[in-house]
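So this one's coords_24.cif, mmCIF, C-alpha atoms; chains and numbers go by the auth columns:
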data_upload
loop_
_atom_site.group_PDB
_atom_site.id
_atom_site.type_symbol
_atom_site.label_atom_id
_atom_site.label_comp_id
_atom_site.label_asym_id
_atom_site.label_seq_id
_atom_site.Cartn_x
_atom_site.Cartn_y
_atom_site.Cartn_z
_atom_site.B_iso_or_equiv
_atom_site.auth_seq_id
_atom_site.auth_asym_id
ATOM 1 C CA PHE A 1 -252.223 -5.508 -42.359 0.00 1 M
ATOM 2 C CA PHE A 2 -249.360 -3.576 -43.933 0.00 2 M
ATOM 3 C CA SER A 3 -249.019 -0.335 -41.940 0.00 3 M
ATOM 4 C CA LEU A 4 -245.477 -0.457 -40.488 0.00 4 M
ATOM 5 C CA GLY A 5 -244.292 -3.175 -42.850 0.00 5 M
ATOM 6 C CA ALA A 6 -245.122 -1.168 -45.991 0.00 6 M
ATOM 7 C CA PRO A 7 -242.119 1.187 -46.044 0.00 7 M
ATOM 8 C CA LEU A 8 -239.807 -1.775 -45.461 0.00 8 M
ATOM 9 C CA ARG A 9 -241.324 -3.686 -48.384 0.00 9 M
ATOM 10 C CA MET A 10 -241.021 -0.574 -50.540 0.00 10 M
ATOM 11 C CA MET A 11 -237.337 -0.161 -49.707 0.00 11 M
ATOM 12 C CA LEU A 12 -236.692 -3.771 -50.629 0.00 12 M
ATOM 13 C CA ALA A 13 -238.682 -3.435 -53.852 0.00 13 M
ATOM 14 C CA TRP A 14 -236.894 -0.217 -54.858 0.00 14 M
ATOM 15 C CA SER A 15 -233.491 -1.807 -54.320 0.00 15 M
ATOM 16 C CA GLY A 16 -234.459 -5.019 -56.125 0.00 16 M
ATOM 17 C CA THR A 17 -233.641 -7.102 -53.050 0.00 17 M
ATOM 18 C CA GLU A 18 -235.188 -10.544 -52.786 0.00 18 M
ATOM 19 C CA TYR A 19 -236.840 -11.267 -49.443 0.00 19 M
ATOM 20 C CA LYS A 20 -239.313 -13.538 -47.719 0.00 20 M
ATOM 21 C CA ASP A 21 -242.449 -11.693 -46.672 0.00 21 M
ATOM 22 C CA ILE A 22 -243.917 -13.441 -43.618 0.00 22 M
ATOM 23 C CA ARG A 23 -247.422 -12.360 -42.629 0.00 23 M
ATOM 24 C CA TYR A 24 -249.256 -13.294 -39.466 0.00 24 M
ATOM 25 C CA SER A 25 -252.918 -13.545 -38.597 0.00 25 M
ATOM 26 C CA GLY A 26 -254.563 -13.918 -35.222 0.00 26 M
ATOM 27 C CA ASN A 27 -252.147 -15.290 -32.640 0.00 27 M
ATOM 28 C CA ASP A 28 -249.828 -17.017 -35.129 0.00 28 M
ATOM 29 C CA TRP A 29 -246.939 -14.698 -34.263 0.00 29 M
ATOM 30 C CA PHE A 30 -247.021 -15.563 -30.576 0.00 30 M
ATOM 31 C CA GLY A 31 -247.030 -19.325 -31.020 0.00 31 M
ATOM 32 C CA GLU A 32 -243.771 -20.240 -32.680 0.00 32 M
ATOM 33 C CA ASP A 33 -241.945 -17.411 -34.435 0.00 33 M
ATOM 34 C CA LYS A 34 -241.842 -14.813 -31.650 0.00 34 M
ATOM 35 C CA PRO A 35 -239.992 -17.111 -29.218 0.00 35 M
ATOM 36 C CA LYS A 36 -237.463 -17.902 -31.967 0.00 36 M
ATOM 37 C CA ILE A 37 -236.889 -14.224 -32.768 0.00 37 M
ATOM 38 C CA GLN A 38 -236.616 -13.448 -29.035 0.00 38 M
ATOM 39 C CA GLU A 39 -233.591 -15.690 -28.924 0.00 39 M
ATOM 40 C CA MET A 40 -231.911 -13.188 -31.246 0.00 40 M
ATOM 41 C CA THR A 41 -233.468 -10.008 -29.841 0.00 41 M
ATOM 42 C CA PRO A 42 -235.311 -10.146 -26.491 0.00 42 M
ATOM 43 C CA VAL A 43 -237.479 -7.141 -27.437 0.00 43 M
ATOM 44 C CA ALA A 44 -238.916 -8.906 -30.513 0.00 44 M
ATOM 45 C CA ASN A 45 -242.050 -7.328 -31.910 0.00 45 M
ATOM 46 C CA LEU A 46 -243.734 -6.707 -35.263 0.00 46 M
ATOM 47 C CA PRO A 47 -242.420 -5.696 -37.670 0.00 47 M
ATOM 48 C CA TYR A 48 -239.074 -7.424 -37.516 0.00 48 M
ATOM 49 C CA ILE A 49 -236.230 -8.124 -39.918 0.00 49 M
ATOM 50 C CA LYS A 50 -234.285 -11.362 -39.838 0.00 50 M
ATOM 51 C CA ASP A 51 -231.019 -11.164 -41.721 0.00 51 M
ATOM 52 C CA GLY A 52 -229.124 -14.427 -41.377 0.00 52 M
ATOM 53 C CA ASP A 53 -228.421 -14.952 -37.674 0.00 53 M
ATOM 54 C CA PHE A 54 -229.298 -11.335 -36.862 0.00 54 M
ATOM 55 C CA ALA A 55 -232.753 -9.975 -36.071 0.00 55 M
ATOM 56 C CA ILE A 56 -234.070 -6.545 -35.190 0.00 56 M
ATOM 57 C CA SER A 57 -237.553 -5.247 -34.418 0.00 57 M
ATOM 58 C CA GLN A 58 -239.334 -1.950 -33.718 0.00 58 M
ATOM 59 C CA SER A 59 -240.309 0.083 -36.755 0.00 59 M
ATOM 60 C CA THR A 60 -237.755 2.900 -36.520 0.00 60 M
ATOM 61 C CA ALA A 61 -234.889 0.499 -35.874 0.00 61 M
ATOM 62 C CA CYS A 62 -236.014 -1.601 -38.844 0.00 62 M
ATOM 63 C CA LEU A 63 -236.138 1.470 -41.097 0.00 63 M
ATOM 64 C CA VAL A 64 -232.650 2.533 -40.059 0.00 64 M
ATOM 65 C CA TYR A 65 -231.172 -0.964 -40.300 0.00 65 M
ATOM 66 C CA LEU A 66 -232.635 -1.661 -43.724 0.00 66 M
ATOM 67 C CA GLY A 67 -231.855 1.876 -44.852 0.00 67 M
ATOM 68 C CA GLU A 68 -228.197 1.463 -43.929 0.00 68 M
ATOM 69 C CA LYS A 69 -227.971 -1.956 -45.521 0.00 69 M
ATOM 70 C CA LEU A 70 -229.606 -0.891 -48.793 0.00 70 M
ATOM 71 C CA GLY A 71 -228.060 2.585 -49.021 0.00 71 M
ATOM 72 C CA PHE A 72 -231.143 4.656 -48.134 0.00 72 M
ATOM 73 C CA TYR A 73 -230.307 5.883 -44.637 0.00 73 M
ATOM 74 C CA CYS A 74 -229.206 9.521 -44.665 0.00 74 M
ATOM 75 C CA GLY A 75 -228.052 10.112 -41.088 0.00 75 M
ATOM 76 C CA ILE A 76 -229.406 12.190 -38.233 0.00 76 M
ATOM 77 C CA ASN A 77 -231.670 14.373 -40.395 0.00 77 M
ATOM 78 C CA ASP A 78 -233.255 11.236 -41.780 0.00 78 M
ATOM 79 C CA LEU A 79 -233.877 9.997 -38.239 0.00 79 M
ATOM 80 C CA GLU A 80 -235.369 13.374 -37.283 0.00 80 M
ATOM 81 C CA LEU A 81 -237.847 13.127 -40.148 0.00 81 M
ATOM 82 C CA ILE A 82 -238.716 9.522 -39.298 0.00 82 M
ATOM 83 C CA ALA A 83 -239.629 10.690 -35.779 0.00 83 M
ATOM 84 C CA GLU A 84 -241.837 13.473 -37.164 0.00 84 M
ATOM 85 C CA ILE A 85 -243.566 11.045 -39.539 0.00 85 M
ATOM 86 C CA TYR A 86 -244.154 8.677 -36.651 0.00 86 M
ATOM 87 C CA ASP A 87 -245.973 11.505 -34.850 0.00 87 M
ATOM 88 C CA LEU A 88 -248.195 11.816 -37.917 0.00 88 M
ATOM 89 C CA ARG A 89 -248.797 8.069 -37.823 0.00 89 M
ATOM 90 C CA GLU A 90 -249.771 8.274 -34.160 0.00 90 M
ATOM 91 C CA SER A 91 -252.578 10.657 -35.111 0.00 91 M
ATOM 92 C CA MET A 92 -253.924 7.935 -37.421 0.00 92 M
ATOM 93 C CA ILE A 93 -253.637 5.304 -34.670 0.00 93 M
ATOM 94 C CA ALA A 94 -255.461 7.535 -32.183 0.00 94 M
ATOM 95 C CA LEU A 95 -258.204 8.083 -34.757 0.00 95 M
ATOM 96 C CA VAL A 96 -258.866 4.504 -35.825 0.00 96 M
ATOM 97 C CA TYR A 97 -258.326 2.374 -32.702 0.00 97 M
ATOM 98 C CA ALA A 98 -260.940 2.613 -29.939 0.00 98 M
ATOM 99 C CA PHE A 99 -258.475 1.549 -27.235 0.00 99 M
ATOM 100 C CA LYS A 100 -256.694 4.905 -27.726 0.00 100 M
ATOM 101 C CA LYS A 101 -259.957 6.522 -26.520 0.00 101 M
ATOM 102 C CA ALA A 102 -259.709 9.500 -28.882 0.00 102 M
ATOM 103 C CA CYS A 103 -262.703 8.027 -30.717 0.00 103 M
ATOM 104 C CA ARG A 104 -264.632 5.780 -28.391 0.00 104 M
ATOM 105 C CA ASP A 105 -267.086 4.505 -30.979 0.00 105 M
ATOM 106 C CA LYS A 106 -267.759 4.511 -34.729 0.00 106 M
ATOM 107 C CA ALA A 107 -269.888 7.658 -34.527 0.00 107 M
ATOM 108 C CA GLU A 108 -267.087 9.634 -32.903 0.00 108 M
ATOM 109 C CA PHE A 109 -264.708 8.262 -35.493 0.00 109 M
ATOM 110 C CA GLU A 110 -266.877 9.439 -38.384 0.00 110 M
ATOM 111 C CA SER A 111 -267.192 12.936 -36.912 0.00 111 M
ATOM 112 C CA THR A 112 -263.437 13.181 -36.314 0.00 112 M
ATOM 113 C CA VAL A 113 -262.267 12.062 -39.774 0.00 113 M
ATOM 114 C CA GLU A 114 -262.938 15.507 -41.240 0.00 114 M
ATOM 115 C CA VAL A 115 -260.870 17.164 -38.501 0.00 115 M
ATOM 116 C CA GLN A 116 -258.052 14.746 -39.215 0.00 116 M
ATOM 117 C CA CYS A 117 -258.118 15.453 -42.954 0.00 117 M
ATOM 118 C CA THR A 118 -258.583 19.228 -42.760 0.00 118 M
ATOM 119 C CA LYS A 119 -256.598 20.198 -39.671 0.00 119 M
ATOM 120 C CA THR A 120 -254.250 17.490 -38.392 0.00 120 M
ATOM 121 C CA CYS A 121 -252.823 16.391 -41.736 0.00 121 M
ATOM 122 C CA PRO A 122 -252.211 19.964 -42.952 0.00 122 M
ATOM 123 C CA LYS A 123 -250.337 20.758 -39.744 0.00 123 M
ATOM 124 C CA TYR A 124 -247.822 18.024 -40.513 0.00 124 M
ATOM 125 C CA TYR A 125 -247.896 18.385 -44.283 0.00 125 M
ATOM 126 C CA ALA A 126 -246.890 22.037 -44.031 0.00 126 M
ATOM 127 C CA LYS A 127 -243.692 20.942 -42.302 0.00 127 M
ATOM 128 C CA PHE A 128 -242.809 18.440 -45.017 0.00 128 M
ATOM 129 C CA GLU A 129 -243.689 20.985 -47.718 0.00 129 M
ATOM 130 C CA ASN A 130 -241.220 23.348 -46.070 0.00 130 M
ATOM 131 C CA VAL A 131 -238.546 20.645 -45.976 0.00 131 M
ATOM 132 C CA LEU A 132 -238.920 20.118 -49.718 0.00 132 M
ATOM 133 C CA GLU A 133 -238.886 23.879 -50.297 0.00 133 M
ATOM 134 C CA LYS A 134 -235.812 24.441 -48.147 0.00 134 M
ATOM 135 C CA ASN A 135 -233.781 21.597 -49.629 0.00 135 M
ATOM 136 C CA GLY A 136 -234.932 22.077 -53.215 0.00 136 M
ATOM 137 C CA THR A 137 -234.781 18.313 -53.790 0.00 137 M
ATOM 138 C CA LYS A 138 -237.056 15.730 -55.362 0.00 138 M
ATOM 139 C CA TYR A 139 -237.213 13.800 -52.097 0.00 139 M
ATOM 140 C CA LEU A 140 -237.028 15.082 -48.535 0.00 140 M
ATOM 141 C CA LEU A 141 -233.253 15.314 -48.221 0.00 141 M
ATOM 142 C CA LYS A 142 -231.800 14.676 -51.675 0.00 142 M
ATOM 143 C CA GLU A 143 -232.563 13.631 -55.246 0.00 143 M
ATOM 144 C CA THR A 144 -232.931 9.973 -54.281 0.00 144 M
ATOM 145 C CA PRO A 145 -235.069 8.680 -51.406 0.00 145 M
ATOM 146 C CA CYS A 146 -233.880 8.275 -47.847 0.00 146 M
ATOM 147 C CA ALA A 147 -235.488 5.941 -45.312 0.00 147 M
ATOM 148 C CA ALA A 148 -237.920 8.633 -44.152 0.00 148 M
ATOM 149 C CA ASP A 149 -239.326 9.053 -47.651 0.00 149 M
ATOM 150 C CA PHE A 150 -240.727 5.530 -47.709 0.00 150 M
ATOM 151 C CA HIS A 151 -242.453 6.067 -44.372 0.00 151 M
ATOM 152 C CA LEU A 152 -243.849 9.459 -45.361 0.00 152 M
ATOM 153 C CA TRP A 153 -245.221 8.196 -48.669 0.00 153 M
ATOM 154 C CA GLU A 154 -247.013 5.358 -46.900 0.00 154 M
ATOM 155 C CA MET A 155 -248.656 7.752 -44.428 0.00 155 M
ATOM 156 C CA ILE A 156 -249.754 10.185 -47.155 0.00 156 M
ATOM 157 C CA ASP A 157 -251.261 7.245 -49.019 0.00 157 M
ATOM 158 C CA GLN A 158 -253.123 6.085 -45.922 0.00 158 M
ATOM 159 C CA PHE A 159 -254.654 9.510 -45.389 0.00 159 M
ATOM 160 C CA GLU A 160 -255.577 9.819 -49.068 0.00 160 M
ATOM 161 C CA LEU A 161 -257.425 6.528 -48.782 0.00 161 M
ATOM 162 C CA LEU A 162 -259.105 7.630 -45.542 0.00 162 M
ATOM 163 C CA ALA A 163 -260.291 10.895 -47.101 0.00 163 M
ATOM 164 C CA LYS A 164 -261.540 9.225 -50.274 0.00 164 M
ATOM 165 C CA ASN A 165 -263.432 6.529 -48.378 0.00 165 M
ATOM 166 C CA HIS A 166 -265.216 9.117 -46.246 0.00 166 M
ATOM 167 C CA GLY A 167 -266.018 11.689 -48.913 0.00 167 M
ATOM 168 C CA HIS A 168 -263.433 14.329 -48.048 0.00 168 M
ATOM 169 C CA ALA A 169 -261.057 16.235 -50.280 0.00 169 M
ATOM 170 C CA SER A 170 -257.468 15.107 -50.697 0.00 170 M
ATOM 171 C CA PRO A 171 -255.430 16.293 -47.690 0.00 171 M
ATOM 172 C CA VAL A 172 -252.233 16.507 -49.763 0.00 172 M
ATOM 173 C CA ALA A 173 -253.694 18.409 -52.736 0.00 173 M
ATOM 174 C CA PRO A 174 -253.178 21.927 -51.274 0.00 174 M
ATOM 175 C CA PHE A 175 -249.431 21.284 -50.933 0.00 175 M
ATOM 176 C CA SER A 176 -247.920 21.540 -54.400 0.00 176 M
ATOM 177 C CA LYS A 177 -244.471 20.155 -53.674 0.00 177 M
ATOM 178 C CA LEU A 178 -245.746 17.370 -51.462 0.00 178 M
ATOM 179 C CA SER A 179 -248.397 16.474 -54.051 0.00 179 M
ATOM 180 C CA ALA A 180 -245.736 16.222 -56.752 0.00 180 M
ATOM 181 C CA TYR A 181 -243.598 14.152 -54.388 0.00 181 M
ATOM 182 C CA TYR A 182 -246.493 11.790 -53.682 0.00 182 M
ATOM 183 C CA ALA A 183 -247.289 11.391 -57.390 0.00 183 M
ATOM 184 C CA ALA A 184 -243.649 10.844 -58.380 0.00 184 M
ATOM 185 C CA PHE A 185 -243.231 8.116 -55.800 0.00 185 M
ATOM 186 C CA ARG A 186 -246.369 6.346 -57.021 0.00 186 M
ATOM 187 C CA ALA A 187 -245.147 6.506 -60.626 0.00 187 M
ATOM 188 C CA GLU A 188 -241.646 5.221 -59.846 0.00 188 M
ATOM 189 C CA PRO A 189 -240.934 2.212 -62.134 0.00 189 M
ATOM 190 C CA LYS A 190 -238.894 0.505 -59.418 0.00 190 M
ATOM 191 C CA LEU A 191 -242.058 0.267 -57.313 0.00 191 M
ATOM 192 C CA ALA A 192 -244.459 -0.820 -60.064 0.00 192 M
ATOM 193 C CA ALA A 193 -244.308 -4.492 -59.119 0.00 193 M
ATOM 194 C CA TYR A 194 -244.899 -3.649 -55.451 0.00 194 M
ATOM 195 C CA PHE A 195 -247.966 -1.537 -56.242 0.00 195 M
ATOM 196 C CA ASP A 196 -249.314 -4.340 -58.413 0.00 196 M
ATOM 197 C CA SER A 197 -248.749 -6.954 -55.713 0.00 197 M
ATOM 198 C CA ASP A 198 -251.097 -8.217 -53.017 0.00 198 M
ATOM 199 C CA ALA A 199 -248.746 -6.681 -50.413 0.00 199 M
ATOM 200 C CA TYR A 200 -249.965 -3.215 -51.414 0.00 200 M
ATOM 201 C CA LYS A 201 -253.574 -4.374 -51.104 0.00 201 M
ATOM 202 C CA LEU A 202 -253.272 -5.495 -47.491 0.00 202 M
ATOM 203 C CA PRO A 203 -255.483 -3.693 -44.943 0.00 203 M
ATOM 204 C CA VAL A 204 -253.970 -0.457 -43.662 0.00 204 M
ATOM 205 C CA ASN A 205 -254.759 -1.207 -40.012 0.00 205 M
ATOM 206 C CA ASN A 206 -255.843 -4.287 -38.098 0.00 206 M
ATOM 207 C CA PRO A 207 -259.409 -5.022 -39.297 0.00 207 M
ATOM 208 C CA ALA A 208 -260.270 -6.773 -36.033 0.00 208 M
ATOM 209 C CA PHE A 209 -259.794 -3.600 -33.992 0.00 209 M
ATOM 210 C CA ALA A 210 -259.724 -0.552 -36.303 0.00 210 M
ATOM 211 C CA TYR A 211 -262.562 1.667 -37.554 0.00 211 M
ATOM 212 C CA PHE A 212 -260.570 2.185 -40.776 0.00 212 M
ATOM 213 C CA SER A 213 -258.605 -0.665 -42.345 0.00 213 M
#
Render the structure in this file as structure tokens.
Amino acid sequence: FFSLGAPLRMMLAWSGTEYKDIRYSGNDWFGEDKPKIQEMTPVANLPYIKDGDFAISQSTACLVYLGEKLGFYCGINDLELIAEIYDLRESMIALVYAFKKACRDKAEFESTVEVQCTKTCPKYYAKFENVLEKNGTKYLLKETPCAADFHLWEMIDQFELLAKNHGHASPVAPFSKLSAYYAAFRAEPKLAAYFDSDAYKLPVNNPAFAYFS
């Protein structure tokens, strides 16, 4: 599933950087690769980035590392936005995974999707709309994307898919600047190959455990 790996793949695609995309299924990760990566970083987890003899894991650290390396990281305000976007992502995780106990079964999940799309998403989207309004920029902090932009676009896309699949209106549509931002990102020529690839078609969440994947 692509969830936390998606913004990293998008950053690499935008920058035209060649990379090896390793995907795991079942317990493959635990068998051979995790012990090898732990030799480089004891806190190894998914996603991770291996760059020569260096490795780093944890999604925020990966975003910052790759952002710095590829010229996308925009400093402390970028990190602040990444943290806010991660809070938005946590609302998705709580919704779709039963072990979070926000939705204990499929019926509770179905009844909560509308709340997510009509109340939770707008609460966060209003903040990002205000960021775009305040800064007067095409992307969150400037005219070119920062690391946070890749993460935010992925989360908007996930919630658009969730709403569409369950018969609800677009959560982003009421926010004019954020809607334009979402559309511009999707139409970006640098990302065309990514959106046409099988990487973009991966399940959003882990199909073995999630109500929505």
| task | Tell me, in Å to one decimal, how far CA of Phe109 (chain M) is from CA of Asn165 (chain M). | result |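 Value for the CA of Phe109 (chain M)-CA of Asn165 (chain M) distance: 13.1 Å.
Here CA of Pro145 (chain M) and CA of Glu188 (chain M) stand 11.2 Å from one another.
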| Counting only C-alpha atoms, the residue of M:Gly16, M:Pro35, M:Pro42, M:Pro7 that sits nearest Gly67 (chain M) |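 Closest residue, counting only C-alpha atoms: M:Pro7.
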| task | Using CA of Glu154 (chain M) and CA of Tyr86 (chain M) as the two end points, give the distance in Å to one decimal. | result |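 So the answer is 11.1 Å.
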| query | From the set M:Val113, M:Met155, M:Ala187, M:Ala83, which residue has the shortest atom-to-atom contact distance to Ala169 (chain M), counting all atoms listed in the file? | reply |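 For Ala169 (chain M), the nearest of the candidates is M:Val113.
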Fill-in result for region 116-127 of chain M, all heavy atoms as an mmCIF file, keeping the file's coordinate frame:
data_model
loop_
_atom_site.group_PDB
_atom_site.id
_atom_site.type_symbol
_atom_site.label_atom_id
_atom_site.label_comp_id
_atom_site.auth_asym_id
_atom_site.auth_seq_id
_atom_site.Cartn_x
_atom_site.Cartn_y
_atom_site.Cartn_z
ATOM 1 N N GLN M 116 -259.343 15.345 -38.892
ATOM 2 C CA GLN M 116 -258.052 14.746 -39.215
ATOM 3 C C GLN M 116 -257.575 15.194 -40.602
ATOM 4 O O GLN M 116 -256.418 15.566 -40.781
ATOM 5 C CB GLN M 116 -258.167 13.227 -39.170
ATOM 6 C CG GLN M 116 -256.873 12.491 -39.464
ATOM 7 C CD GLN M 116 -255.899 12.507 -38.313
ATOM 8 O OE1 GLN M 116 -256.316 12.436 -37.164
ATOM 9 N NE2 GLN M 116 -254.626 12.603 -38.606
ATOM 10 N N CYS M 117 -258.486 15.149 -41.567
ATOM 11 C CA CYS M 117 -258.118 15.453 -42.954
ATOM 12 C C CYS M 117 -257.911 16.946 -43.205
ATOM 13 O O CYS M 117 -257.104 17.314 -44.067
ATOM 14 C CB CYS M 117 -259.188 14.925 -43.899
ATOM 15 S SG CYS M 117 -259.286 13.112 -43.966
ATOM 16 N N THR M 118 -258.630 17.789 -42.475
ATOM 17 C CA THR M 118 -258.583 19.228 -42.760
ATOM 18 C C THR M 118 -257.724 20.026 -41.791
ATOM 19 O O THR M 118 -257.354 21.166 -42.094
ATOM 20 C CB THR M 118 -259.997 19.830 -42.752
ATOM 21 O OG1 THR M 118 -260.596 19.648 -41.454
ATOM 22 C CG2 THR M 118 -260.875 19.170 -43.807
ATOM 23 N N LYS M 119 -257.391 19.456 -40.655
ATOM 24 C CA LYS M 119 -256.598 20.198 -39.671
ATOM 25 C C LYS M 119 -255.321 19.474 -39.263
ATOM 26 O O LYS M 119 -254.233 20.055 -39.289
ATOM 27 C CB LYS M 119 -257.454 20.514 -38.435
ATOM 28 C CG LYS M 119 -258.644 21.417 -38.712
ATOM 29 C CD LYS M 119 -259.364 21.822 -37.448
ATOM 30 C CE LYS M 119 -260.591 22.673 -37.755
ATOM 31 N NZ LYS M 119 -260.244 23.933 -38.437
ATOM 32 N N THR M 120 -255.429 18.205 -38.879
ATOM 33 C CA THR M 120 -254.250 17.490 -38.392
ATOM 34 C C THR M 120 -253.253 17.220 -39.510
ATOM 35 O O THR M 120 -252.065 17.527 -39.382
ATOM 36 C CB THR M 120 -254.659 16.166 -37.724
ATOM 37 O OG1 THR M 120 -255.629 16.435 -36.705
ATOM 38 C CG2 THR M 120 -253.446 15.487 -37.099
ATOM 39 N N CYS M 121 -253.731 16.656 -40.608
ATOM 40 C CA CYS M 121 -252.823 16.391 -41.736
ATOM 41 C C CYS M 121 -252.143 17.667 -42.228
ATOM 42 O O CYS M 121 -250.913 17.680 -42.393
ATOM 43 C CB CYS M 121 -253.575 15.712 -42.874
ATOM 44 S SG CYS M 121 -253.860 13.955 -42.619
ATOM 45 N N PRO M 122 -252.881 18.745 -42.485
ATOM 46 C CA PRO M 122 -252.211 19.964 -42.952
ATOM 47 C C PRO M 122 -251.143 20.489 -41.998
ATOM 48 O O PRO M 122 -250.140 21.056 -42.450
ATOM 49 C CB PRO M 122 -253.370 20.961 -43.096
ATOM 50 C CG PRO M 122 -254.548 20.108 -43.397
ATOM 51 C CD PRO M 122 -254.350 18.868 -42.564
ATOM 52 N N LYS M 123 -251.347 20.307 -40.706
ATOM 53 C CA LYS M 123 -250.337 20.758 -39.744
ATOM 54 C C LYS M 123 -249.000 20.071 -39.998
ATOM 55 O O LYS M 123 -247.937 20.709 -39.987
ATOM 56 C CB LYS M 123 -250.817 20.466 -38.318
ATOM 57 C CG LYS M 123 -249.816 20.889 -37.236
ATOM 58 C CD LYS M 123 -250.332 20.530 -35.847
ATOM 59 C CE LYS M 123 -250.232 19.042 -35.573
ATOM 60 N NZ LYS M 123 -250.541 18.705 -34.159
ATOM 61 N N TYR M 124 -249.047 18.780 -40.235
ATOM 62 C CA TYR M 124 -247.822 18.024 -40.513
ATOM 63 C C TYR M 124 -247.341 18.234 -41.945
ATOM 64 O O TYR M 124 -246.137 18.375 -42.198
ATOM 65 C CB TYR M 124 -248.052 16.534 -40.254
ATOM 66 C CG TYR M 124 -248.115 16.183 -38.796
ATOM 67 C CD1 TYR M 124 -249.342 16.026 -38.147
ATOM 68 C CD2 TYR M 124 -246.953 16.015 -38.041
ATOM 69 C CE1 TYR M 124 -249.410 15.714 -36.804
ATOM 70 C CE2 TYR M 124 -247.014 15.690 -36.700
ATOM 71 C CZ TYR M 124 -248.242 15.540 -36.077
ATOM 72 O OH TYR M 124 -248.301 15.226 -34.746
ATOM 73 N N TYR M 125 -248.279 18.255 -42.879
ATOM 74 C CA TYR M 125 -247.896 18.385 -44.283
ATOM 75 C C TYR M 125 -247.184 19.704 -44.554
ATOM 76 O O TYR M 125 -246.290 19.763 -45.420
ATOM 77 C CB TYR M 125 -249.128 18.268 -45.183
ATOM 78 C CG TYR M 125 -249.701 16.868 -45.293
ATOM 79 C CD1 TYR M 125 -249.137 15.795 -44.602
ATOM 80 C CD2 TYR M 125 -250.807 16.612 -46.099
ATOM 81 C CE1 TYR M 125 -249.672 14.519 -44.709
ATOM 82 C CE2 TYR M 125 -251.334 15.334 -46.220
ATOM 83 C CZ TYR M 125 -250.768 14.294 -45.519
ATOM 84 O OH TYR M 125 -251.292 13.027 -45.634
ATOM 85 N N ALA M 126 -247.566 20.747 -43.855
ATOM 86 C CA ALA M 126 -246.890 22.037 -44.031
ATOM 87 C C ALA M 126 -245.403 21.929 -43.687
ATOM 88 O O ALA M 126 -244.554 22.558 -44.335
ATOM 89 C CB ALA M 126 -247.559 23.106 -43.168
ATOM 90 N N LYS M 127 -245.093 21.125 -42.679
ATOM 91 C CA LYS M 127 -243.692 20.942 -42.302
ATOM 92 C C LYS M 127 -242.914 20.231 -43.408
ATOM 93 O O LYS M 127 -241.795 20.634 -43.761
ATOM 94 C CB LYS M 127 -243.600 20.130 -41.005
ATOM 95 C CG LYS M 127 -244.235 20.783 -39.797
ATOM 96 C CD LYS M 127 -244.114 19.878 -38.578
ATOM 97 C CE LYS M 127 -244.835 20.451 -37.376
ATOM 98 N NZ LYS M 127 -244.713 19.591 -36.181
#
